[in-house]
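Asker: Structure in structure tokens, see below.
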Amino acid sequence: MRMIPERLHRDCKGLVLLGIFLGILWETRCTQIRYSVPEELEKGSRVGDISKHLGLEPRELAERGVRIVPRGRTQLFALNPRSGSLVTAGRIDREELCMGAIKCQLNLDILIEDKVKIYRVEVEVRDINDNAPYFRESELEIKISENAATEMRFPLPHAWDPDIGKNSLQSYELSPNTHFSLIVQNGADGSKYPELVLERALDREEKAAHHLVLTASDGGDPVRTGTARIRVMVLDANDNAPAFAQPEYRVSVPENLAVGTQLLVVNATDPDEGVNAEVRYSFRYVDDKAAQVFKLDCNSGTISTIGELDHEESGFYQMEVQAMDNAGYSARAKVLITVLDVNDNAPEVVLTSLASSVPENSPRGTLIALLNVNDQDSEENGQVICFIQGNLPFKLEKSYGNYYSLVTDIVLDREQVPSYNVTVTATDRGTPPLSTETHISLNVADTNDNPPVFLQASYSAYIPENNPRGASLVSVTAHDPDCEENAQITYSLAEDTVQGAPLSSYVSINSDSGVLYALSSFDYEQLRDLQVKVMARDNGHPPLSSNVSLNLFVLDQNDNAPEILYPAVPTDGSTGVELAPRSAEPGYLVTKVVAVDRDSGQNAWLSYLLLKASEPGLFAVGLHTGEVRTVRALLDRDALKQSLVVAVQDHGQPPLSATVTLTVAVADSIPKVLADLGSLESPVNSETSDLTLYLVVAVAAVSCVFLAFVIVLLALRLRRWHKSRLLQTSEGSLTGAPASHFVGVEGVQAFLQTYSHEVSLTSDSRKSHPILPQPNYADTLVSQESGGKSEPLLLSGDSVFSKDSRALIQVSLYQIFFLSFFSCSVAHAGMQRYDHSSLQPQTPRLKQFSRLRLRCNRDYSCKPQPCYLSIYLSIIYLSIYYFLSCSAL
């Protein structure tokens with residue numbers, strides 16, 4: 001047995017078609033293979049070496065999943081995995097598969113699953129002479145009137161041979177006789193119709209019946225034949241034969257007709273009368289399939305169905321109807337019945353390849369499944385449209401023939417949709433359309449494509465100061481939309497330093513829960529906030545991470561009492577004194593208590609209260625300002641020295657406070673203040689009283705020496721005037737000395753100093769700071785009595801002092817210098833113990849606050865500095881002395 005694969009034609013037109021066809025095959029990823037086999041092969045017969053044409057070894061067929069895609073109800077071919085051949089799976093009968101077709105071609109698809117590649121295989125079934133011609137009726141009776149004219153033709157039964165070509169029916173032969181001959185008519189479709197020709201007139205009385213044998217032969221090798229016996233009955237004269245109204249009847253009916261439905265009526269008429277005009281109808285030729293479906297009423301000529309029509313089994317029927325009268329005359333007509341297709345078959349969807357899951361990072365166009373779609377209907381009823389229901393990230397691509405590929409349309413994201421239920425709907429174009437749904441379940445495999453994400457953009461936590469160690473501060477939580485190990489999160493802190501110490505010495509974090517713990521106790525005054533960066537990392541490959549900022553704010557607690565800046569508490573046990581004139585009106589500002597609190601907020605909000613006063617109702621303290629003002633006018637009966645106790649309290653819970661004692665001196669004039677300085681101090685402070693006494697004695701001594709010098713100088717000038725005659729002429733030419741800028745009070749010249757201090761206060765008392773006081777000296781002229789005009793102290797002239805006068809002046813000069821330096825030394829020694837130092841900031845903490853400036857005016861008291869006062873007096877006295885000396889000389 002020889003099997004040869006057919007090749008494509010090599011002519012020019014074939015080359016063009018071949019190029020187009022190969023392009024289509026390239027795009028559809030399919031290759032076509034052709035084989036040719038004769039029919040009637042035994043089961044398991046070799047068709048072709050399929051492994052060779054696929055480029056595979058026989059053992060690779062099973063390994064690579066090579067299989068025949070099922071199609072239809074019966075599988076005609078199979079794969080032999082041992083030999084790698086395509087073999088028959090059963091008996092192949094060409095006449096059964098391709099009845100009436102000139103070329104019988106069977107198609108099958110071979111799928112290589114690992115490459116998802118399809119090969120189209122065409123197997124041509126060659127005809128063999130396995131069928132002999134046969135007649136539907138093995139015996140036929142023909143009635144011929146005896147007066148039938150010669151050359152009259154009588155149709156004979158048509159032989160049937162299902163083979164094709166030369167193996168089909170080729171000729172008819174009639175047995176030898178004396179009255180009849182045989183003629184064969186060729187139809188338009190190539191069919192051969194035998195007819196019996198009367199060659200010589202019949203004589204019923206001579207012979208009433210003639211027996212003939214009709215033989216049909218094909219052209220096969222060997223030749224096969226079929227016979228039919230013909231009995232010719234000679235009848236009495238009936239010279240008219242029936243005739244059909246039309247030679248051919250055509251009808252088209254849908255396949256879904258009910259059984260028993262009348263399709264058409266054939267009609268034949270006979271011009272004879274009486275019994276000779278009666279016509280009976282019968283099928284002259286009908287195949288076995290048509291005989292099982294159609295019925296002909298012999299009397300009425302009605303053709304109806306006796307079985308169900310199926311366009312998919314047979315869409316066309318051809319029959320011959322014969323009308324015969326009682327005399328045996330007959331007529332024939334063709335009946336052509338076309339079965340129209342009705343959309344009675346839904347499309348069939350077969351999954352030839354399917355992936356159970358797909359990674360979420362798969363590129364667009366990843367193959368999910370391969371589907372084969374078929375519809376047994378024809379034309380529009382067999383045209384199928386496939387689509388996906390719902391808005392899904394997949395699409396169908398036409399692969400080859402009736403194959404569709406289900407591929408991804410976008411990159412999938414498991415975090416959004418972990419799985420898909422894809423419904424593929426195949427709908428034909430029939431009316432009404434029929435559809436088939438195929439459900440495909442697809443899981444999306446996870447990849448580590450999402451870093452952990454914190455629930456908040458940043459975190460803030462508040463913790464009161466003085467917290468216990470190990471206290472839980474805050475919990476941060478990150479979420480990873482991935483699954484399994486890709487979603488397991490580990491928390492850690494970024495390395496950092498806080499005030500020179502590593503961050504790990506302050507806080508720690510639980511790597512599993514994200515809870516932050518305090519490793520030390522926080523102090524609001526030392527550390528108010530702490531910035532921490534928390535990192536969350538998953539356990540994927542590679543791991544992904546994200547950061548979030550965490551701000552820890554330390555809340556203040558009332559753990560610091562108010563601190564009084566002014567008046568500062570003296571370190572030597574003395575008491576600061578504030579001055580208030582007796583002429584002060586109500587509301588007069590005596591002094592101001594300045595305090596700060598190192599806490600913040602409400603804990604640093606200070607209130608000032610007057611706890612105790614030696615004269616109740618005389619002074620009041622501002623609740624929020626700390627200003628000490630007079631409530632009423634001062635009276636003569638009010639004591640010269642007033643003592644006040646002021647409390648400063650914050651608003652914390654519980655509140656903390658501090659107190660300060662103020663001493664206020666009441667006086668109408670500065671001399672009185674100077675005279676009563678000793679009485680303003682407490683008896684226990686004897687050093688301050690002694691200092692005041694030393695200052696008064698020093699000033700008085702210097703002043704007395706100066707006055708004595710002036711008197712002596714005047715006496716010398718008067719003496720010289722008496723001796724000189726020029727005294728009278730020089731009268732009126734005296735140069736007036738300018739009035740002294742220093743006016744004595746009760747024989748004592750007083751100098752007052754002004755002390756300036758600057759204070760800058762803010763709403764946060766902790767930010768207030770003083771600027772260290774810098775003395776600002778200003779000479780103040782205090783005059784309690786009106787002075788008369790000074791007498792001229794120097795006289796103009798050119799006289800020269802005598803040697804005694806010069807010696808006196810030098811002695812006076814030495815005395816003045818001695819007394820000035822003595823008083824300065826005494827004052828400087830006493831100054832070391834004076835309470836002026838109490839106005840200076842005593843602690844480094846005060847340098848953090850704003851400048852504090854206290855001015856010595858009518859609101860604030862001023863205290864003398866004796867060293868500077870003595871120097872000023874000495875300089876002034878020496879200047880006057882130099883002027884007078886020059887004038888005298």
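Please note that chains go A, B, ... in the order of the structure tokens, that every chain numbers its residues from 1, and that ligands are numbered from 1 in the order shown.
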Give me the residues near segment 637-645 of chain A as a compact mmCIF listing (two decimals) with N, CA, C and O atoms, in the first residue's frame, where near means some atom within 8 Å (using only C-alpha atoms) and where sequence neighbours in that chain fewer than 4 positions away do not count.

Answerer:
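The resulting file, part.txt, is shown below:
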```
# COMPACT_ATOMS: atom_id res chain seq x y z
N LEU A 610 -0.26 89.58 97.18
CA LEU A 610 0.30 90.26 98.35
C LEU A 610 -0.12 89.49 99.58
O LEU A 610 -1.29 89.53 100.00
N LEU A 611 0.83 88.78 100.16
CA LEU A 611 0.49 87.93 101.30
C LEU A 611 0.45 88.72 102.62
O LEU A 611 -0.43 88.51 103.47
N LYS A 612 1.40 89.65 102.75
CA LYS A 612 1.51 90.33 104.04
C LYS A 612 2.05 91.73 103.81
O LYS A 612 2.92 91.93 102.95
N ALA A 613 1.55 92.70 104.56
CA ALA A 613 2.01 94.09 104.47
C ALA A 613 2.00 94.69 105.87
O ALA A 613 1.10 94.43 106.67
N SER A 614 3.03 95.49 106.14
CA SER A 614 3.08 96.15 107.45
C SER A 614 1.97 97.18 107.60
O SER A 614 1.53 97.47 108.73
N GLU A 615 1.53 97.71 106.45
CA GLU A 615 0.42 98.68 106.47
C GLU A 615 -0.64 98.17 105.50
O GLU A 615 -0.59 98.44 104.31
N THR A 659 8.11 83.23 97.41
CA THR A 659 7.80 84.51 98.06
C THR A 659 9.04 85.38 98.09
O THR A 659 10.18 84.89 98.03
N VAL A 660 8.82 86.69 98.19
CA VAL A 660 9.90 87.67 98.31
C VAL A 660 9.42 88.78 99.25
O VAL A 660 8.23 89.13 99.26
N THR A 661 10.35 89.33 100.02
CA THR A 661 10.04 90.41 100.96
C THR A 661 10.60 91.72 100.41
O THR A 661 11.79 91.80 100.07
N LEU A 662 9.73 92.73 100.29
CA LEU A 662 10.11 94.05 99.80
C LEU A 662 10.12 95.05 100.96
O LEU A 662 9.24 95.01 101.83
N THR A 663 11.11 95.94 100.94
CA THR A 663 11.17 97.03 101.91
C THR A 663 11.02 98.34 101.17
O THR A 663 11.81 98.63 100.25
N VAL A 664 10.01 99.12 101.49
CA VAL A 664 9.70 100.38 100.82
C VAL A 664 9.96 101.51 101.82
O VAL A 664 9.42 101.50 102.94
N ALA A 665 10.81 102.48 101.40
CA ALA A 665 11.11 103.64 102.24
C ALA A 665 10.26 104.81 101.78
O ALA A 665 10.21 105.12 100.58
N VAL A 666 9.60 105.47 102.70
CA VAL A 666 8.72 106.60 102.42
C VAL A 666 9.43 107.86 102.87
O VAL A 666 9.80 107.99 104.06
N ALA A 667 9.64 108.83 101.97
CA ALA A 667 10.35 110.07 102.31
C ALA A 667 9.91 111.16 101.37
O ALA A 667 9.57 110.90 100.21
N LEU A 680 16.38 103.01 107.88
CA LEU A 680 15.64 102.16 106.96
C LEU A 680 16.14 100.73 106.98
O LEU A 680 15.44 99.82 106.58
```

Asker: When you count only C-alpha atoms, which of these residues is closest to Asn402 of chain A: A:Val699, A:Val37, A:Ile118, A:Ile183?

Answerer: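 Among the listed residues, the smallest separation from Asn402 of chain A belongs to A:Ile118.
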
Asker: Which residues are close to Thr269 of chain A, i.e. within 12 Å by only C-alpha atoms, leaving aside same-chain residues fewer than 2 positions away? Reply as a PDB file with C-alpha atoms, in the first residue's frame.

Answerer:
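Output saved as out-v1.pdb:
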```pdb
ATOM      1  CA  ASN A 240     -51.722   7.330 -24.524  1.00  0.00           C
ATOM      2  CA  ALA A 241     -49.221   7.563 -21.708  1.00  0.00           C
ATOM      3  CA  PRO A 242     -49.482   9.846 -18.658  1.00  0.00           C
ATOM      4  CA  ALA A 243     -47.611  13.160 -18.770  1.00  0.00           C
ATOM      5  CA  PHE A 244     -46.375  15.320 -15.803  1.00  0.00           C
ATOM      6  CA  ALA A 245     -47.213  18.976 -15.697  1.00  0.00           C
ATOM      7  CA  GLN A 246     -43.521  19.805 -15.357  1.00  0.00           C
ATOM      8  CA  VAL A 266     -46.691  15.882  -8.245  1.00  0.00           C
ATOM      9  CA  ASN A 267     -49.379  15.741 -10.925  1.00  0.00           C
ATOM     10  CA  PRO A 271     -55.709  11.874 -22.118  1.00  0.00           C
ATOM     11  CA  ASP A 272     -57.252   8.452 -22.188  1.00  0.00           C
ATOM     12  CA  GLU A 273     -60.635   7.909 -20.701  1.00  0.00           C
ATOM     13  CA  ASN A 276     -56.934   3.870 -19.040  1.00  0.00           C
ATOM     14  CA  ALA A 277     -56.764   7.404 -17.597  1.00  0.00           C
ATOM     15  CA  GLU A 278     -56.224   6.274 -14.031  1.00  0.00           C
ATOM     16  CA  VAL A 279     -52.659   7.089 -12.918  1.00  0.00           C
ATOM     17  CA  ARG A 280     -50.712   5.713 -10.034  1.00  0.00           C
ATOM     18  CA  TYR A 281     -47.598   7.367  -8.629  1.00  0.00           C
ATOM     19  CA  SER A 300     -52.647  11.770  -4.956  1.00  0.00           C
ATOM     20  CA  GLY A 301     -48.954  12.208  -5.735  1.00  0.00           C
ATOM     21  CA  GLN A 322     -43.137   7.809 -11.961  1.00  0.00           C
ATOM     22  CA  ALA A 323     -46.753   8.110 -13.056  1.00  0.00           C
ATOM     23  CA  MET A 324     -48.260   4.985 -14.699  1.00  0.00           C
ATOM     24  CA  ASP A 325     -51.688   4.288 -16.075  1.00  0.00           C
ATOM     25  CA  TYR A 329     -47.760   3.733 -19.963  1.00  0.00           C
ATOM     26  CA  SER A 330     -45.700   5.865 -17.634  1.00  0.00           C
ATOM     27  CA  ALA A 331     -44.034   9.225 -17.295  1.00  0.00           C
ATOM     28  CA  ARG A 332     -41.254  10.343 -15.015  1.00  0.00           C
TER      29      ARG A 332
END
```

Asker: What is the atom CA of Asp538 of chain A to atom CA of Leu552 of chain A distance in Å?

Answerer: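 These two atoms are separated by 25.2 Å.
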
Asker: Taking only C-alpha atoms into account, which of A:Pro162, A:Val373, A:Asp482, A:Leu309 comes nearest Asp127 of chain A?

Answerer: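 Of A:Pro162, A:Val373, A:Asp482, A:Leu309, the one nearest Asp127 of chain A, counting only C-alpha atoms, is A:Pro162.
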
Asker: Using only C-alpha atoms, find each residue in segment 435-540 of chain A having at least one atom no more than 6 Å away from segment 337-357 of chain A; report its shortest atom-to-atom pair and that distance in Å (one decimal), rows by chain then rising number, as CSV.

Answerer:
```
residue,atom,partner,partner_atom,distance
A:Ser435,CA,A:Ala346,CA,5.6
A:Thr436,CA,A:Pro347,CA,5.9
A:Leu442,CA,A:Ser357,CA,5.5
A:Asn443,CA,A:Ser357,CA,4.6
A:Val444,CA,A:Ser357,CA,5.7
```

Asker: So that I can check the secondary structure, give me every residue of segment 217-414 of chain A assigned alpha helix (DSSP H) by backbone DSSP, as a list in words.

Answerer: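 So, restricting segment 217-414 of chain A to alpha helix (DSSP H), we get Asp288, Lys289, Ala290, Ala291, Gln292 and Val293 of chain A.
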
Asker: Can I get the selected residues back with C-alpha atoms, as a PDB file, in the first residue's frame?

Answerer:
```
ATOM      1  CA  ASP A 288     -31.992   4.681   1.137  1.00  0.00           C
ATOM      2  CA  LYS A 289     -31.765   7.908   3.220  1.00  0.00           C
ATOM      3  CA  ALA A 290     -34.533   9.574   1.258  1.00  0.00           C
ATOM      4  CA  ALA A 291     -36.682   6.463   1.504  1.00  0.00           C
ATOM      5  CA  GLN A 292     -36.472   6.724   5.297  1.00  0.00           C
ATOM      6  CA  VAL A 293     -37.524  10.366   5.327  1.00  0.00           C
TER       7      VAL A 293
END
```

Asker: Applying 9 Å and only C-alpha atoms, which residues near Arg537 of chain A remain after dropping the ones on its own chain fewer than 3 positions away? List them as a VMD selection string.

Answerer: chain A and resid 451 to 452 488 to 492 540 543 to 547

Asker: If you measure from atom CA of Glu465 of chain A to atom CA of Ala595 of chain A, what distance in Å do you get, rounded to one decimal?

Answerer: 23.2 Å

Asker: Between A:Glu63, A:Glu437, A:Asp109, A:Asp93, which is the closest to Gln32 of chain A once you count only C-alpha atoms?

Answerer: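 Selected residue with least distance to Gln32 of chain A: A:Asp109.
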
Asker: Tell me, as a PDB file with C-alpha atoms, in the first residue's frame, which residues lie within 9 Å of Ile68 of chain A, counting only C-alpha atoms; anything in the same chain fewer than 4 positions away does not count.

Answerer:
```pdb
ATOM      1  CA  PHE A  77      -7.581   8.485  13.060  1.00  0.00           C
ATOM      2  CA  ALA A  78      -5.230   7.973  15.986  1.00  0.00           C
ATOM      3  CA  LEU A  79      -1.563   8.431  16.845  1.00  0.00           C
ATOM      4  CA  LEU A 108      -8.020  16.842  11.545  1.00  0.00           C
ATOM      5  CA  ASP A 109      -5.979  19.078  13.863  1.00  0.00           C
ATOM      6  CA  ILE A 110      -2.879  17.951  15.743  1.00  0.00           C
ATOM      7  CA  LEU A 111      -1.915  20.046  18.807  1.00  0.00           C
TER       8      LEU A 111
END
```

Asker: DSSP on the backbone: which residues in segment 479-623 of chain A end up as strand (DSSP E or B)? Give the answer as an MDAnalysis selection string.

Answerer: chainID A and resid 479 489:493 497:498 501:502 507:509 515:518 529:538 545:555 563:566 577:581 589:592 594:596 607:613 619:621

Asker: For segment 137-147 of chain A, please output as a ChimeraX atom specification all residues within 12 Å (counting only C-alpha atoms; exclusion window: fewer than 6 positions along the same chain).

Answerer: /A:153-160,179-180,195-198,200-216,226-241,276,283-287,324-330

Asker: Ranking A:Arg469, A:His651, A:Arg94, A:Arg414 by minimum distance to Ser362 of chain A and counting only C-alpha atoms, which one comes first?

Answerer: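 Going through A:Arg469, A:His651, A:Arg94, A:Arg414 one by one, the smallest distance to Ser362 of chain A is for A:Arg414.
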
Asker: Can you list, as a PDB file with N, CA, C and O atoms, in the first residue's frame, every protein, DNA or RNA residue that comes within 9 Å of Ile385 of chain A when you count only C-alpha atoms, leaving out same-chain residues fewer than 5 positions away?

Answerer:
```
ATOM      1  N   THR A 425     -18.291  33.523  25.942  1.00  0.00           N
ATOM      2  CA  THR A 425     -19.570  33.275  25.293  1.00  0.00           C
ATOM      3  C   THR A 425     -19.359  33.166  23.791  1.00  0.00           C
ATOM      4  O   THR A 425     -18.751  34.048  23.179  1.00  0.00           O
ATOM      5  N   ALA A 426     -19.828  32.060  23.225  1.00  0.00           N
ATOM      6  CA  ALA A 426     -19.777  31.847  21.772  1.00  0.00           C
ATOM      7  C   ALA A 426     -21.205  31.950  21.248  1.00  0.00           C
ATOM      8  O   ALA A 426     -22.087  31.172  21.656  1.00  0.00           O
ATOM      9  N   THR A 427     -21.449  32.885  20.354  1.00  0.00           N
ATOM     10  CA  THR A 427     -22.791  33.142  19.818  1.00  0.00           C
ATOM     11  C   THR A 427     -22.729  33.076  18.293  1.00  0.00           C
ATOM     12  O   THR A 427     -21.835  33.665  17.672  1.00  0.00           O
ATOM     13  N   ASP A 428     -23.706  32.341  17.698  1.00  0.00           N
ATOM     14  CA  ASP A 428     -23.742  32.299  16.249  1.00  0.00           C
ATOM     15  C   ASP A 428     -24.600  33.453  15.720  1.00  0.00           C
ATOM     16  O   ASP A 428     -25.185  34.220  16.489  1.00  0.00           O
ATOM     17  N   ARG A 429     -24.644  33.551  14.389  1.00  0.00           N
ATOM     18  CA  ARG A 429     -25.373  34.649  13.758  1.00  0.00           C
ATOM     19  C   ARG A 429     -26.762  34.229  13.297  1.00  0.00           C
ATOM     20  O   ARG A 429     -27.380  34.899  12.472  1.00  0.00           O
TER      21      ARG A 429
END
```

Asker: Restricting the calculation to only C-alpha atoms, which member of A:Gly500, A:Gly220, A:Pro58, A:Gly514 is positioned closest to Arg82 of chain A?

Answerer: A:Pro58
